[in-house]
Amino acid sequence: MHEDKTLVTEDEIREALKGLEGWEYDGENKALQRVWKFQKFVPTMAFVRTITEVMDNNNHHSDLSLDSRSKTLTVTVTTHSENAVTRADLDFANAVNAAE
């Protein structure tokens, strides 16, 4: 799959977030971010596997932060080569939500 690295404006990001449940825009780091909290560790790790499959399928790799104590998973996505949010990031967030 080809990544669409077209830059998107902050207005376009805000509009897209209306349809991306759970995602927020971090303007300081120019990234999209979503946090999941799980009751048990095993479902947390199962969801990490789901996320990594989405990454591979979209050829777009995000940053994952896992707090095993609180069973919290944070996914942060940005296009590092552009130091900005691109269409590829929005596509990735949509794909993650669809995989939930």
# chains A, B, ... in the order shown; residues from 1 in each chain; ligands from 1
>>> select_by_dssp(residues="chain A", states="helix (DSSP H, G or I)", output="ChimeraX atom specification")
/A:10-17,41-58,87-99
>>> write_last_selection(atoms="N, CA and C atoms", output="CSV table (one decimal), in the first residue's frame")
chain,number,residue,atom,x,y,z
A,10,GLU,N,-4.2,22.1,10.2
A,10,GLU,CA,-4.8,21.8,11.5
A,10,GLU,C,-6.4,21.9,11.4
A,11,ASP,N,-6.9,22.7,10.5
A,11,ASP,CA,-8.4,22.7,10.3
A,11,ASP,C,-8.8,21.4,9.7
A,12,GLU,N,-8.1,20.8,8.8
A,12,GLU,CA,-8.5,19.5,8.2
A,12,GLU,C,-8.3,18.4,9.3
A,13,ILE,N,-7.3,18.5,10.1
A,13,ILE,CA,-7.2,17.5,11.2
A,13,ILE,C,-8.4,17.6,12.1
A,14,ARG,N,-8.7,18.8,12.6
A,14,ARG,CA,-9.9,18.9,13.5
A,14,ARG,C,-11.2,18.4,12.9
A,15,GLU,N,-11.3,18.6,11.6
A,15,GLU,CA,-12.5,18.1,10.9
A,15,GLU,C,-12.5,16.6,10.8
A,16,ALA,N,-11.3,16.0,10.5
A,16,ALA,CA,-11.2,14.6,10.5
A,16,ALA,C,-11.4,13.9,11.8
A,17,LEU,N,-11.0,14.6,12.9
A,17,LEU,CA,-11.1,14.0,14.2
A,17,LEU,C,-12.6,13.9,14.7
A,41,PHE,N,-4.2,-7.6,31.4
A,41,PHE,CA,-3.0,-7.5,30.6
A,41,PHE,C,-3.1,-8.2,29.3
A,42,VAL,N,-3.7,-9.4,29.3
A,42,VAL,CA,-3.8,-10.3,28.1
A,42,VAL,C,-4.5,-9.6,27.0
A,43,PRO,N,-5.7,-9.0,27.2
A,43,PRO,CA,-6.4,-8.2,26.2
A,43,PRO,C,-5.6,-7.0,25.7
A,44,THR,N,-4.8,-6.4,26.6
A,44,THR,CA,-4.0,-5.3,26.2
A,44,THR,C,-3.0,-5.8,25.1
A,45,MET,N,-2.3,-6.9,25.4
A,45,MET,CA,-1.3,-7.4,24.5
A,45,MET,C,-1.9,-7.9,23.2
A,46,ALA,N,-3.1,-8.5,23.2
A,46,ALA,CA,-3.8,-8.9,22.0
A,46,ALA,C,-4.1,-7.7,21.1
A,47,PHE,N,-4.5,-6.5,21.8
A,47,PHE,CA,-4.7,-5.3,21.0
A,47,PHE,C,-3.5,-4.8,20.4
A,48,VAL,N,-2.3,-4.9,21.1
A,48,VAL,CA,-1.0,-4.5,20.6
A,48,VAL,C,-0.8,-5.3,19.3
A,49,ARG,N,-1.0,-6.6,19.3
A,49,ARG,CA,-0.8,-7.4,18.1
A,49,ARG,C,-1.7,-6.9,17.0
A,50,THR,N,-3.0,-6.5,17.3
A,50,THR,CA,-3.9,-6.0,16.3
A,50,THR,C,-3.3,-4.7,15.7
A,51,ILE,N,-2.8,-3.8,16.5
A,51,ILE,CA,-2.2,-2.5,16.1
A,51,ILE,C,-1.0,-2.8,15.2
A,52,THR,N,-0.2,-3.7,15.5
A,52,THR,CA,1.0,-4.0,14.7
A,52,THR,C,0.6,-4.6,13.4
A,53,GLU,N,-0.5,-5.3,13.3
A,53,GLU,CA,-0.9,-5.8,12.0
A,53,GLU,C,-1.4,-4.6,11.1
A,54,VAL,N,-2.1,-3.7,11.8
A,54,VAL,CA,-2.6,-2.5,11.0
A,54,VAL,C,-1.4,-1.7,10.5
A,55,MET,N,-0.3,-1.6,11.4
A,55,MET,CA,0.9,-0.9,10.9
A,55,MET,C,1.5,-1.6,9.7
A,56,ASP,N,1.6,-2.9,9.7
A,56,ASP,CA,2.2,-3.6,8.6
A,56,ASP,C,1.3,-3.5,7.3
A,57,ASN,N,0.0,-3.7,7.5
A,57,ASN,CA,-0.9,-3.6,6.4
A,57,ASN,C,-0.9,-2.2,5.7
A,58,ASN,N,-0.7,-1.2,6.5
A,58,ASN,CA,-0.7,0.2,6.0
A,58,ASN,C,0.7,0.7,5.7
A,87,ARG,N,-2.0,12.7,5.3
A,87,ARG,CA,-3.2,11.8,5.0
A,87,ARG,C,-2.9,10.4,5.5
A,88,ALA,N,-1.6,9.9,5.4
A,88,ALA,CA,-1.3,8.6,5.9
A,88,ALA,C,-1.6,8.4,7.3
A,89,ASP,N,-1.4,9.4,8.1
A,89,ASP,CA,-1.7,9.3,9.6
A,89,ASP,C,-3.2,9.2,9.8
A,90,LEU,N,-3.9,10.0,9.1
A,90,LEU,CA,-5.4,10.0,9.2
A,90,LEU,C,-5.9,8.6,8.7
A,91,ASP,N,-5.3,8.1,7.6
A,91,ASP,CA,-5.7,6.8,7.2
A,91,ASP,C,-5.4,5.7,8.2
A,92,PHE,N,-4.2,5.8,8.8
A,92,PHE,CA,-3.8,4.9,9.9
A,92,PHE,C,-4.8,4.9,11.0
A,93,ALA,N,-5.2,6.1,11.5
A,93,ALA,CA,-6.1,6.2,12.6
A,93,ALA,C,-7.4,5.6,12.3
A,94,ASN,N,-7.9,5.8,11.1
A,94,ASN,CA,-9.1,5.2,10.6
A,94,ASN,C,-9.0,3.7,10.6
A,95,ALA,N,-7.9,3.2,10.1
A,95,ALA,CA,-7.7,1.7,10.1
A,95,ALA,C,-7.6,1.1,11.5
A,96,VAL,N,-7.0,1.8,12.4
A,96,VAL,CA,-7.0,1.3,13.8
A,96,VAL,C,-8.4,1.2,14.3
A,97,ASN,N,-9.2,2.3,14.1
A,97,ASN,CA,-10.5,2.3,14.7
A,97,ASN,C,-11.4,1.2,14.0
A,98,ALA,N,-11.2,0.9,12.7
A,98,ALA,CA,-11.9,-0.1,12.1
A,98,ALA,C,-11.5,-1.5,12.6
A,99,ALA,N,-10.3,-1.7,13.1
A,99,ALA,CA,-9.8,-3.0,13.5
A,99,ALA,C,-10.2,-3.3,15.0
>>> select_by_dssp(residues="chain A", states="strand (DSSP E)", output="list in words")
Glu24, Tyr25, Asp26, Ala31, Leu32, Gln33, Arg34, Val35, Trp36, Lys37, Asp63, Leu64, Ser65, Leu66, Asp67, Thr72, Leu73, Thr74, Val75, Thr76 and Val77 of chain A
>>> residues_around(residues="Glu82 in chain A", least_positions_apart="4", cutoff="12 Å", atoms="only C-alpha atoms", output="list in words")
Asp4, Lys5, Thr6, Leu7, Val8, Lys30, Ala31, Thr78, Thr86, Arg87, Ala88 and Asp89 of chain A
>>> residues_around(residues="Asp26 in chain A", least_positions_apart="5", cutoff="10 Å", atoms="only C-alpha atoms", output="PyMOL selection string")
chain A and resi 31-33+76-78+85
>>> write_last_selection(atoms="C-alpha atoms", output="compact mmCIF listing (two decimals), in the first residue's frame")
# COMPACT_ATOMS: atom_id res chain seq x y z
CA ALA A 31 0.86 14.05 16.02
CA LEU A 32 -2.39 12.20 16.47
CA GLN A 33 -2.78 10.28 19.71
CA THR A 76 1.01 8.25 18.70
CA VAL A 77 1.18 8.69 14.95
CA THR A 78 2.89 11.30 12.82
CA VAL A 85 0.40 14.96 10.23
>>> closest_residue(among="A:Glu3, A:Leu73, A:Glu100, A:Thr79", to="Gln39 in chain A", atoms="only C-alpha atoms")
A:Leu73
